[in-house]
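With mmCIF, C-alpha atoms inside, this is coords_16.cif:
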data_input
loop_
_atom_site.label_atom_id
_atom_site.label_comp_id
_atom_site.auth_asym_id
_atom_site.auth_seq_id
_atom_site.Cartn_x
_atom_site.Cartn_y
_atom_site.Cartn_z
CA MET A 734 -67.35 -26.68 73.21
CA ASP A 735 -66.30 -28.84 76.15
CA VAL A 736 -66.84 -27.60 79.72
CA ARG A 737 -64.94 -29.70 82.24
CA GLU A 738 -65.68 -29.70 85.98
CA VAL A 739 -66.12 -25.95 86.30
CA PHE A 740 -66.43 -24.30 89.70
CA LYS A 741 -67.49 -20.71 90.30
CA ILE A 742 -67.38 -19.00 93.69
CA TYR A 743 -68.62 -15.49 94.42
CA ARG A 744 -67.19 -13.66 97.44
CA GLU A 745 -68.70 -10.68 99.20
CA GLY A 746 -66.87 -9.76 102.35
CA ASP A 747 -66.59 -12.90 104.45
CA THR A 748 -69.44 -14.60 102.59
CA GLU A 749 -68.81 -17.17 99.85
CA THR A 750 -71.48 -18.42 97.45
CA VAL A 751 -70.67 -21.48 95.34
CA ALA A 752 -72.57 -21.03 92.06
CA LEU A 753 -71.03 -23.96 90.15
CA ARG A 754 -69.79 -27.19 91.75
CA GLY A 755 -67.95 -29.06 89.02
CA ALA A 756 -70.40 -28.56 86.16
CA SER A 757 -69.51 -30.33 82.91
CA LEU A 758 -71.14 -30.38 79.48
CA GLU A 759 -70.20 -30.90 75.86
CA LEU A 760 -71.81 -29.28 72.81
CA ALA A 761 -71.51 -30.93 69.41
CA VAL A 762 -70.85 -28.79 66.34
CA GLY A 763 -74.15 -27.64 64.85
CA GLU A 764 -76.20 -28.70 67.88
CA PHE A 765 -79.08 -26.65 69.30
CA ALA A 766 -79.20 -27.25 73.06
CA SER A 767 -81.27 -25.70 75.85
CA LEU A 768 -80.32 -25.34 79.49
CA VAL A 769 -82.99 -25.25 82.19
CA GLY A 770 -82.86 -25.01 85.96
CA PRO A 771 -84.34 -23.11 88.88
CA SER A 772 -83.29 -19.59 89.80
CA GLY A 773 -79.88 -19.62 91.47
CA SER A 774 -78.90 -22.98 89.97
CA GLY A 775 -75.87 -21.55 88.14
CA LYS A 776 -77.28 -21.25 84.60
CA THR A 777 -76.15 -17.70 83.91
CA SER A 778 -72.79 -18.19 85.66
CA LEU A 779 -72.11 -21.16 83.39
CA LEU A 780 -73.11 -19.22 80.28
CA TRP A 781 -70.85 -16.28 81.17
CA ILE A 782 -67.91 -18.62 81.72
CA MET A 783 -68.59 -20.33 78.37
CA ALA A 784 -68.58 -16.91 76.71
CA GLY A 785 -65.30 -15.96 78.34
CA LEU A 786 -66.98 -13.09 80.18
CA ALA A 787 -65.98 -14.60 83.52
CA LEU A 788 -63.35 -17.05 84.73
CA PRO A 789 -64.07 -20.12 86.87
CA ALA A 790 -62.35 -20.84 90.16
CA ALA A 791 -61.35 -24.22 88.69
CA GLY A 792 -62.02 -26.31 85.62
CA GLN A 793 -61.55 -25.95 81.87
CA VAL A 794 -63.55 -24.53 78.97
CA ILE A 795 -62.25 -25.90 75.68
CA PHE A 796 -63.40 -24.09 72.55
CA GLU A 797 -61.91 -25.01 69.18
CA GLY A 798 -58.94 -26.58 70.93
CA VAL A 799 -58.26 -23.55 73.13
CA ASP A 800 -58.76 -23.47 76.91
CA LEU A 801 -60.49 -20.14 77.56
CA THR A 802 -59.49 -20.27 81.22
CA ARG A 803 -55.82 -19.91 80.23
CA LEU A 804 -56.37 -16.76 78.17
CA ASP A 805 -56.12 -13.24 79.53
CA GLU A 806 -59.09 -10.88 79.27
CA GLY A 807 -57.92 -9.34 76.01
CA ALA A 808 -57.40 -12.69 74.30
CA ARG A 809 -60.80 -13.92 75.49
CA GLY A 810 -62.39 -10.75 74.16
CA ARG A 811 -60.77 -11.15 70.74
CA LEU A 812 -61.86 -14.78 70.52
CA ARG A 813 -65.40 -13.88 71.57
CA ALA A 814 -65.54 -11.03 69.04
CA SER A 815 -64.51 -13.32 66.20
CA ARG A 816 -66.22 -16.63 67.02
CA ILE A 817 -69.03 -16.27 69.60
CA GLY A 818 -72.39 -14.50 69.43
CA LEU A 819 -74.36 -13.44 72.52
CA VAL A 820 -78.08 -12.71 72.94
CA PHE A 821 -79.39 -11.52 76.30
CA GLN A 822 -82.86 -11.21 77.85
CA ARG A 823 -82.84 -7.47 77.34
CA GLY A 824 -81.50 -6.55 73.94
CA ASN A 825 -78.30 -4.51 74.10
CA LEU A 826 -79.44 -2.03 71.44
CA ILE A 827 -78.12 1.53 71.43
CA PRO A 828 -81.26 3.68 71.80
CA PHE A 829 -80.16 6.59 69.58
CA LEU A 830 -79.23 4.33 66.63
CA ASN A 831 -81.81 2.71 64.38
CA ALA A 832 -81.86 -1.05 63.78
CA GLU A 833 -79.59 -0.91 60.73
CA GLU A 834 -77.12 1.41 62.45
CA ASN A 835 -77.01 -0.84 65.54
CA VAL A 836 -76.14 -3.88 63.44
CA ALA A 837 -73.73 -1.94 61.21
CA MET A 838 -71.84 -0.67 64.27
CA ALA A 839 -71.47 -4.23 65.57
CA ILE A 840 -70.08 -5.30 62.20
CA THR A 841 -67.64 -2.38 62.11
CA LEU A 842 -66.46 -3.00 65.68
CA ASN A 843 -65.75 -6.61 64.72
CA GLY A 844 -63.60 -5.45 61.79
CA GLY A 845 -66.17 -6.19 59.09
CA ARG A 846 -66.41 -4.31 55.80
CA GLN A 847 -69.40 -2.91 53.92
CA ALA A 848 -71.18 -2.70 57.25
CA ALA A 849 -74.37 -1.00 56.02
CA ARG A 850 -74.90 -3.53 53.24
CA ARG A 851 -74.20 -6.46 55.53
CA ALA A 852 -76.51 -5.01 58.20
CA ARG A 853 -79.35 -4.81 55.67
CA GLN A 854 -78.71 -8.42 54.66
CA LEU A 855 -78.84 -9.62 58.27
CA LEU A 856 -82.02 -7.70 59.01
CA ALA A 857 -83.61 -9.12 55.86
CA GLU A 858 -82.56 -12.60 56.97
CA ILE A 859 -84.53 -12.21 60.20
CA GLY A 860 -87.53 -10.60 58.49
CA LEU A 861 -86.96 -7.00 59.59
CA GLU A 862 -85.82 -5.28 56.39
CA SER A 863 -88.89 -3.03 56.49
CA ARG A 864 -88.07 -1.97 60.07
CA ARG A 865 -84.39 -1.25 59.54
CA GLN A 866 -84.82 2.55 59.92
CA HIS A 867 -86.76 2.22 63.17
CA TYR A 868 -85.24 3.04 66.55
CA PRO A 869 -85.39 0.61 69.50
CA ARG A 870 -88.26 2.54 71.12
CA GLN A 871 -90.26 2.06 67.90
CA LEU A 872 -89.81 -1.72 67.86
CA SER A 873 -91.91 -4.32 69.62
CA GLY A 874 -90.25 -6.62 72.14
CA GLY A 875 -90.06 -9.42 69.60
CA GLU A 876 -88.62 -7.13 66.93
CA ALA A 877 -85.98 -5.83 69.34
CA GLN A 878 -84.94 -9.39 70.19
CA ARG A 879 -84.69 -10.24 66.49
CA VAL A 880 -82.40 -7.23 66.03
CA ALA A 881 -80.39 -8.54 68.99
CA ILE A 882 -80.03 -11.84 67.11
CA ALA A 883 -78.79 -9.91 64.07
CA LEU A 884 -76.24 -8.18 66.33
CA ALA A 885 -75.08 -11.57 67.58
CA LEU A 886 -74.61 -12.72 63.98
CA ALA A 887 -72.52 -9.67 63.05
CA ASN A 888 -69.23 -11.54 63.56
CA GLU A 889 -70.42 -14.72 61.75
CA PRO A 890 -70.11 -16.79 64.96
CA VAL A 891 -69.76 -20.55 65.10
CA LEU A 892 -71.23 -20.58 68.63
CA LEU A 893 -74.25 -18.58 69.80
CA LEU A 894 -75.12 -18.33 73.49
CA GLY A 895 -78.51 -16.99 74.61
CA ASP A 896 -79.63 -16.02 78.10
CA GLU A 897 -83.42 -15.96 78.55
CA ILE A 898 -83.87 -14.46 75.09
CA THR A 899 -87.66 -14.79 75.30
CA GLY A 900 -87.92 -14.09 79.02
CA GLU A 901 -89.91 -10.86 78.63
CA LEU A 902 -91.99 -11.90 75.61
CA ASP A 903 -95.48 -13.38 75.41
CA SER A 904 -95.88 -16.94 74.16
CA GLY A 905 -96.77 -16.04 70.58
CA THR A 906 -93.85 -13.63 70.23
CA SER A 907 -91.52 -16.14 71.91
CA GLU A 908 -92.44 -18.74 69.29
CA ALA A 909 -91.80 -16.28 66.46
CA VAL A 910 -88.37 -15.34 67.85
CA LEU A 911 -87.47 -18.99 68.36
CA GLU A 912 -88.48 -19.85 64.78
CA ILE A 913 -86.15 -17.14 63.52
CA LEU A 914 -83.32 -18.44 65.69
CA LEU A 915 -83.90 -22.06 64.61
CA GLU A 916 -83.90 -21.09 60.94
CA VAL A 917 -80.70 -19.08 61.30
CA GLN A 918 -79.08 -21.95 63.18
CA ARG A 919 -80.04 -24.50 60.51
CA GLN A 920 -78.81 -22.33 57.65
CA ARG A 921 -75.48 -21.58 59.30
CA ARG A 922 -75.00 -24.86 61.17
CA MET A 923 -74.11 -22.90 64.26
CA THR A 924 -73.82 -24.45 67.67
CA VAL A 925 -76.43 -22.84 69.95
CA LEU A 926 -77.01 -23.03 73.69
CA THR A 927 -79.90 -21.06 75.16
CA VAL A 928 -80.65 -20.72 78.86
CA THR A 929 -84.39 -20.54 79.48
CA HIS A 930 -87.20 -20.90 81.99
CA ASN A 931 -89.60 -21.51 79.09
CA THR A 932 -90.27 -25.27 79.05
CA TRP A 933 -91.87 -25.10 75.61
CA LEU A 934 -88.79 -23.39 74.16
CA ALA A 935 -86.47 -25.85 75.91
CA ARG A 936 -88.28 -28.81 74.29
CA GLN A 937 -87.69 -27.43 70.80
CA ALA A 938 -83.93 -27.96 71.16
CA ASP A 939 -82.07 -30.98 69.83
CA ARG A 940 -81.02 -31.72 73.40
CA GLN A 941 -82.31 -30.43 76.72
CA LEU A 942 -79.78 -29.98 79.52
CA ALA A 943 -80.55 -29.25 83.14
CA ILE A 944 -78.63 -27.81 86.06
CA ALA A 945 -79.40 -27.78 89.78
CA ASP A 946 -77.28 -26.54 92.68
CA GLY A 947 -74.36 -25.86 90.36
CA LEU A 948 -74.22 -29.35 88.84
CA MET A 949 -75.55 -30.79 85.60
CA VAL A 950 -78.37 -33.25 86.27
CA ALA A 951 -80.12 -35.89 84.18
CA GLN A 952 -83.37 -34.94 82.45
#
Could you write out this file's structure as structure tokens?
Amino acid sequence: MDVREVFKIYREGDTETVALRGASLELAVGEFASLVGPSGSGKTSLLWIMAGLALPAAGQVIFEGVDLTRLDEGARGRLRASRIGLVFQRGNLIPFLNAEENVAMAITLNGGRQAARRARQLLAEIGLESRRQHYPRQLSGGEAQRVAIALALANEPVLLLGDEITGELDSGTSEAVLEILLEVQRQRRMTVLTVTHNTWLARQADRQLAIADGLMVAQ
């Protein structure tokens, strides 16, 4: 993915806030990169634009030869559903479905077949086969985040974007979740970018990126 001089401006009444000021970055295929920066530096805004969840005021986001900024919302959604996985700080699990049903629903919504079987395979891949019948309230924070990773893998993405995926976990659990993510990334040769405040996690990446005041800065 190639992000080229992206600007993002938020407007509320007569007030304008510039979140991104020409940010640029390039991710190589199969790379695991981390993105660090202080609160309000534009990390999450950049991630949402890369995922096609928001549009920039200016700039380009090139993904597999396609400029996401030129696609309408429906086209961006279809591309995201077929090629991009997302993991957020708080897992987006449906509380009244168990782990297997959550993953199976994601597979079905993405047009996949044999959803239950595939869901069991994904949960086994992340070490949660024995917890597949448990509901979100019955899972620890680390287990819930691992299920969230399985959800993100439901569409067999080539790019996975994470936003503070260990932000609410203790250090030991954070390390366990990261190990799962690293193993999945190696096996699938996915491109991964994770936004984090965790300096230890950031250092485990192939490349550490940093942003400040809406611009990429040297580490």
Chain and number of each residue from the PyMOL selection byres ((chain A and resi 759) around 12), as a ChimeraX atom specification: /A:734-738,756-758,760-762,764-766,783,793-796,924-926,940,942,949
At a cut-off of 10 Å, using all atoms listed in the file, what residues contact Ile782 in chain A? Leave out same-chain residues fewer than 4 positions from it and give the result as a PyMOL selection string. chain A and resi 736+739-741+777-778+786-789+793-794+801-802
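For Asp896 in chain A, the non-local neighbours within 7 Å, defined as residues at least 2 positions apart in the same chain or in other chains and counting all atoms listed in the file, are Thr777, Val820, Phe821, Gln822, Leu894, Ile898, Thr927, Val928 and Thr929 of chain A.
Omitting Val769 in chain A and its sequence neighbours fewer than 4 positions away, and counting only C-alpha atoms, the residues within 8 Å are Lys776, Val928, Thr929, His930, Thr932, Ala935, Gln941, Leu942, Ala943 and Ile944 of chain A.
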Across A:Leu893, A:Ala885, A:Leu780, A:Val910, the smallest distance to Gly860 in chain A, with all atoms listed in the file counted, is shown by A:Val910
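Across A:Leu934, A:Ala951, A:Ala832, A:Ile913, the tightest approach to Gln871 in chain A is made by A:Ala832 when counting all atoms listed in the file.
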From the options A:Leu812, A:Ala837, A:Ile882, A:Leu768, which residue's atoms come nearest to Gly785 in chain A, counting only C-alpha atoms? A:Leu812
Hey, what comes out of the PyMOL selection byres ((chain A and resi 774) around 9) on this file? Could you write it as a CSV table (one decimal) with C-alpha atoms, in the frame of the given file?
chain,number,residue,atom,x,y,z
A,752,ALA,CA,-72.6,-21.0,92.1
A,753,LEU,CA,-71.0,-24.0,90.2
A,770,GLY,CA,-82.9,-25.0,86.0
A,771,PRO,CA,-84.3,-23.1,88.9
A,772,SER,CA,-83.3,-19.6,89.8
A,773,GLY,CA,-79.9,-19.6,91.5
A,775,GLY,CA,-75.9,-21.6,88.1
A,776,LYS,CA,-77.3,-21.2,84.6
A,777,THR,CA,-76.2,-17.7,83.9
A,778,SER,CA,-72.8,-18.2,85.7
A,944,ILE,CA,-78.6,-27.8,86.1
A,945,ALA,CA,-79.4,-27.8,89.8
A,946,ASP,CA,-77.3,-26.5,92.7
A,947,GLY,CA,-74.4,-25.9,90.4
A,948,LEU,CA,-74.2,-29.4,88.8
So that I can see what lies close to range 878-880 of chain A, please list as a ChimeraX atom specification the residues with an atom at most 10 Å from it, counting only C-alpha atoms and leaving out residues fewer than 6 positions away in the same chain. /A:820-826,832-833,835-836,855-856,859-861,864-865,869,872,886,898-899,901-902,906-907,909-911,913-914
Coordinates-based distance that separates CA of Trp781 in chain A from CA of Asp800 in chain A (Å, one decimal): 14.7 Å
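For the residues A:Gly900, A:Pro890, A:Gly798, A:Gly845, ranking by smallest atom-to-atom distance to Arg816 in chain A using only C-alpha atoms places A:Pro890 first.
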For CA of Leu884 in chain A and CA of Gly807 in chain A, determine how far apart the two atoms are, in Å to one decimal place. 20.8 Å
